[in-house]
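A.B. asks: Quick one: this structure, given as structure tokens, is what I'll be asking you about.
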Amino acid sequence: MAENGYAKPVLVTTDWLAEHLQDDGVVVAEVDENPDLYDEDHIRGAVKLHWRDDLQDPVERDLVEKEPFEQLMGSRGISNDTTIVVYGDKNNWFAAYAYWYLKIYGHGDVRILDGGRQKWIDEGRELTADAPQISTTSYTAHERDESIRTYRDAVRDVIDASDKALVDVRSPQEYSGDLIAPPGYEQEGAQRAGHIPSAQSIPWAQAVRDDGTFKSADELRSLYQAKGVTPDKAVTAYCRIGERSAHTWFVLRELLGYQDVRNYDGSWTEWGNLVDVPIEKGA
């Protein structure tokens, strides 16, 4: 297991995963920003979770409902006592989103592959295009854990509150209002650009090293506490659609052990389209 002073044993190394791929009770799931990558090649035995088609409601902008989620898990061979190891591209953007999502529905043992898909590839480890052999099973989800999620009305109450902290994990250009979406992406999805007042700019990627692995707990504490994001505060993280902020949620709550961290998955595509909410521009 990856250690580095983290609060919880929620990371696994590539070495650990290579040794435990065949273990009963372990299911590996790939969750990519670009879901086609899985079809090209993936870790042998890994199942595919599509961040939108599998994990989001097909009509409303929301998580998929409990019953379809249970069916999804069972169809991927995941039972309630399964250890799920998630990984993906973009330094685990959507793997962290899937982790948060699995915790919303109360799954007990979820891990992230430290370094994600790219580290596995960089080390020359085996990939395959073969479909995994899946033994379907039954799954019973918990009711949604709303303590790790937040909504727009609650976010308004966080602005300028001394006992709360807002973290904008987007790129500096998005935070300043020069861009609406990440650099290199279609600049769409919101009517206005900028950031929520009092939000601290701490881009998600500052939490990882060049090889995609997470920085040590000491490095991460220094990163966030330097901006006033301390463990005594209730923290809300947001990005554009909720996946990068899930990555920061994972760092703060799971790796550093902050007690009250929420992901605002409505994020900028919601806030930047709302009428009569405060927005600031500039660094």
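Every chain in the structure tokens has a letter given in the order shown (A, B, ...), and although residue numbers restart at 1 in each chain, ligands are simply numbered from 1 in the order shown.
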If we count only C-alpha atoms and set the cut-off at 8 Å, which residues sit around segment 67-78 of chain A, ignoring sequence neighbours fewer than 6 positions away in its own chain? Please answer as a PDB file with N, CA, C and O atoms, in the first residue's frame.
C.D. replies:
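Saved file around08.pdb follows:
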ATOM      1  N   VAL A  27     -11.758  -6.098  -7.433  1.00  0.00           N
ATOM      2  CA  VAL A  27     -12.189  -5.730  -8.778  1.00  0.00           C
ATOM      3  C   VAL A  27     -11.522  -4.410  -9.139  1.00  0.00           C
ATOM      4  O   VAL A  27     -11.581  -3.440  -8.377  1.00  0.00           O
ATOM      5  N   VAL A  47     -12.631  -3.805 -15.286  1.00  0.00           N
ATOM      6  CA  VAL A  47     -13.931  -3.509 -15.862  1.00  0.00           C
ATOM      7  C   VAL A  47     -13.986  -2.019 -16.200  1.00  0.00           C
ATOM      8  O   VAL A  47     -13.188  -1.225 -15.715  1.00  0.00           O
ATOM      9  N   ASP A  54     -22.552   5.566 -17.280  1.00  0.00           N
ATOM     10  CA  ASP A  54     -22.808   4.649 -16.161  1.00  0.00           C
ATOM     11  C   ASP A  54     -23.130   5.366 -14.860  1.00  0.00           C
ATOM     12  O   ASP A  54     -23.943   4.880 -14.073  1.00  0.00           O
ATOM     13  N   LEU A  55     -22.473   6.485 -14.629  1.00  0.00           N
ATOM     14  CA  LEU A  55     -22.526   7.089 -13.297  1.00  0.00           C
ATOM     15  C   LEU A  55     -23.439   8.311 -13.191  1.00  0.00           C
ATOM     16  O   LEU A  55     -23.631   8.827 -12.089  1.00  0.00           O
ATOM     17  N   ILE A  84     -12.613  -2.407  -4.357  1.00  0.00           N
ATOM     18  CA  ILE A  84     -12.610  -1.807  -5.690  1.00  0.00           C
ATOM     19  C   ILE A  84     -11.382  -0.919  -5.816  1.00  0.00           C
ATOM     20  O   ILE A  84     -11.171  -0.017  -5.002  1.00  0.00           O
ATOM     21  N   ILE A 134     -16.467 -11.698 -16.328  1.00  0.00           N
ATOM     22  CA  ILE A 134     -17.190 -11.138 -15.181  1.00  0.00           C
ATOM     23  C   ILE A 134     -18.238 -12.132 -14.694  1.00  0.00           C
ATOM     24  O   ILE A 134     -19.041 -12.636 -15.486  1.00  0.00           O
ATOM     25  N   SER A 135     -18.211 -12.386 -13.402  1.00  0.00           N
ATOM     26  CA  SER A 135     -19.273 -13.167 -12.771  1.00  0.00           C
ATOM     27  C   SER A 135     -20.223 -12.180 -12.103  1.00  0.00           C
ATOM     28  O   SER A 135     -19.864 -11.559 -11.083  1.00  0.00           O
ATOM     29  N   THR A 136     -21.397 -11.999 -12.680  1.00  0.00           N
ATOM     30  CA  THR A 136     -22.323 -11.013 -12.127  1.00  0.00           C
ATOM     31  C   THR A 136     -22.763 -11.421 -10.724  1.00  0.00           C
ATOM     32  O   THR A 136     -22.770 -12.607 -10.376  1.00  0.00           O
ATOM     33  N   THR A 137     -23.127 -10.438  -9.943  1.00  0.00           N
ATOM     34  CA  THR A 137     -23.499 -10.697  -8.557  1.00  0.00           C
ATOM     35  C   THR A 137     -24.591  -9.712  -8.161  1.00  0.00           C
ATOM     36  O   THR A 137     -25.091  -8.946  -8.986  1.00  0.00           O
ATOM     37  N   SER A 138     -24.966  -9.727  -6.909  1.00  0.00           N
ATOM     38  CA  SER A 138     -25.971  -8.772  -6.421  1.00  0.00           C
ATOM     39  C   SER A 138     -25.286  -7.732  -5.543  1.00  0.00           C
ATOM     40  O   SER A 138     -24.238  -7.994  -4.953  1.00  0.00           O
ATOM     41  N   TYR A 139     -25.899  -6.576  -5.489  1.00  0.00           N
ATOM     42  CA  TYR A 139     -25.312  -5.470  -4.739  1.00  0.00           C
ATOM     43  C   TYR A 139     -26.441  -4.674  -4.093  1.00  0.00           C
ATOM     44  O   TYR A 139     -27.477  -4.439  -4.717  1.00  0.00           O
ATOM     45  N   THR A 140     -26.219  -4.259  -2.858  1.00  0.00           N
ATOM     46  CA  THR A 140     -27.191  -3.437  -2.155  1.00  0.00           C
ATOM     47  C   THR A 140     -26.520  -2.141  -1.720  1.00  0.00           C
ATOM     48  O   THR A 140     -25.606  -2.161  -0.895  1.00  0.00           O
ATOM     49  N   ALA A 141     -26.941  -1.026  -2.299  1.00  0.00           N
ATOM     50  CA  ALA A 141     -26.341   0.265  -1.977  1.00  0.00           C
ATOM     51  C   ALA A 141     -26.972   0.852  -0.719  1.00  0.00           C
ATOM     52  O   ALA A 141     -28.112   0.546  -0.364  1.00  0.00           O
TER      53      ALA A 141
END
A.B. asks: Near Asp81 of chain A, counting only C-alpha atoms, which residues have an atom at most 8 Å away, once you skip same-chain residues fewer than 3 positions from it, shown as a ChimeraX atom specification?
C.D. replies: /A:25,108-109
A.B. asks: Nearest to Val169 of chain A: which of A:Tyr105, A:Trp100, A:Tyr224, A:Tyr151 is it, counting only C-alpha atoms?
C.D. replies: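 Once distances to Val169 of chain A are computed over only C-alpha atoms, the minimum belongs to A:Tyr224.
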A.B. asks: I need the residues in segment 61-138 of chain A that are strand (DSSP E or B) according to DSSP; give them as a PyMOL selection string.
C.D. replies: chain A and resi 63+83-87+110-113+128
A.B. asks: Write the selection just made, keeping N, CA and C atoms, as an mmCIF file, in the first residue's frame?
C.D. replies:
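This went into part-v1.cif:
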data_model
loop_
_atom_site.group_PDB
_atom_site.id
_atom_site.type_symbol
_atom_site.label_atom_id
_atom_site.label_comp_id
_atom_site.auth_asym_id
_atom_site.auth_seq_id
_atom_site.Cartn_x
_atom_site.Cartn_y
_atom_site.Cartn_z
ATOM 1 N N LEU A 63 -26.531 12.317 -10.049
ATOM 2 C CA LEU A 63 -26.039 10.957 -9.983
ATOM 3 C C LEU A 63 -27.127 10.003 -10.435
ATOM 4 N N THR A 83 -13.256 -5.277 -2.695
ATOM 5 C CA THR A 83 -12.294 -4.179 -2.725
ATOM 6 C C THR A 83 -12.235 -3.665 -4.156
ATOM 7 N N ILE A 84 -12.613 -2.407 -4.357
ATOM 8 C CA ILE A 84 -12.610 -1.807 -5.690
ATOM 9 C C ILE A 84 -11.382 -0.919 -5.816
ATOM 10 N N VAL A 85 -10.578 -1.173 -6.842
ATOM 11 C CA VAL A 85 -9.421 -0.327 -7.144
ATOM 12 C C VAL A 85 -9.732 0.420 -8.426
ATOM 13 N N VAL A 86 -9.856 1.746 -8.337
ATOM 14 C CA VAL A 86 -10.169 2.559 -9.509
ATOM 15 C C VAL A 86 -8.905 3.255 -10.010
ATOM 16 N N TYR A 87 -8.842 3.435 -11.314
ATOM 17 C CA TYR A 87 -7.725 4.157 -11.920
ATOM 18 C C TYR A 87 -8.210 4.748 -13.232
ATOM 19 N N VAL A 110 -12.757 1.116 -1.067
ATOM 20 C CA VAL A 110 -12.407 1.647 -2.378
ATOM 21 C C VAL A 110 -10.991 2.190 -2.299
ATOM 22 N N ARG A 111 -10.179 1.916 -3.312
ATOM 23 C CA ARG A 111 -8.807 2.424 -3.374
ATOM 24 C C ARG A 111 -8.592 3.083 -4.744
ATOM 25 N N ILE A 112 -7.585 3.921 -4.799
ATOM 26 C CA ILE A 112 -7.150 4.507 -6.068
ATOM 27 C C ILE A 112 -5.744 4.008 -6.367
ATOM 28 N N LEU A 113 -5.500 3.649 -7.625
ATOM 29 C CA LEU A 113 -4.162 3.256 -8.062
ATOM 30 C C LEU A 113 -3.310 4.510 -8.175
ATOM 31 N N THR A 128 -4.191 -5.037 -22.087
ATOM 32 C CA THR A 128 -4.864 -5.921 -23.018
ATOM 33 C C THR A 128 -6.134 -5.253 -23.517
#
A.B. asks: Skipping near chain neighbours, those fewer than 4 positions away, what residues fall within 9 Å of His50 of chain A using only C-alpha atoms, listed as a PyMOL selection string?
C.D. replies: chain A and resi 30-35+54-55
A.B. asks: From the set A:His142, A:Lys281, A:His20, A:Lys90, which residue has the shortest atom-to-atom contact distance to Asp178 of chain A, counting only C-alpha atoms?
C.D. replies: A:Lys281
A.B. asks: Quote the spacing between atom CA of Ala199 of chain A and atom CA of Arg240 of chain A in Å to one decimal place.
C.D. replies: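 Spanning atom CA of Ala199 of chain A to atom CA of Arg240 of chain A is a straight-line distance of 13.9 Å.
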A.B. asks: Residues near Leu166 of chain A, anyone? I mean within 9 Å using only C-alpha atoms, not counting same-chain ones fewer than 3 positions away, as a list in words.
C.D. replies: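 These residues fall inside the cut-off: Val155, Val158, Ile159, Asp160, Ile196, Pro197, Ser198, Ala199, Gln200, Ser201, Val229, Ala234, Val235, Thr236, Ala237 and Tyr238 of chain A.
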A.B. asks: Would you pick out the contacts of Asn91 of chain A at 8 Å or less, using only C-alpha atoms, so that residues sharing its chain but fewer than 3 positions from it are not included, and give the list as a VMD selection string?
C.D. replies: chain A and resid 88 115 to 118 208 212 to 213
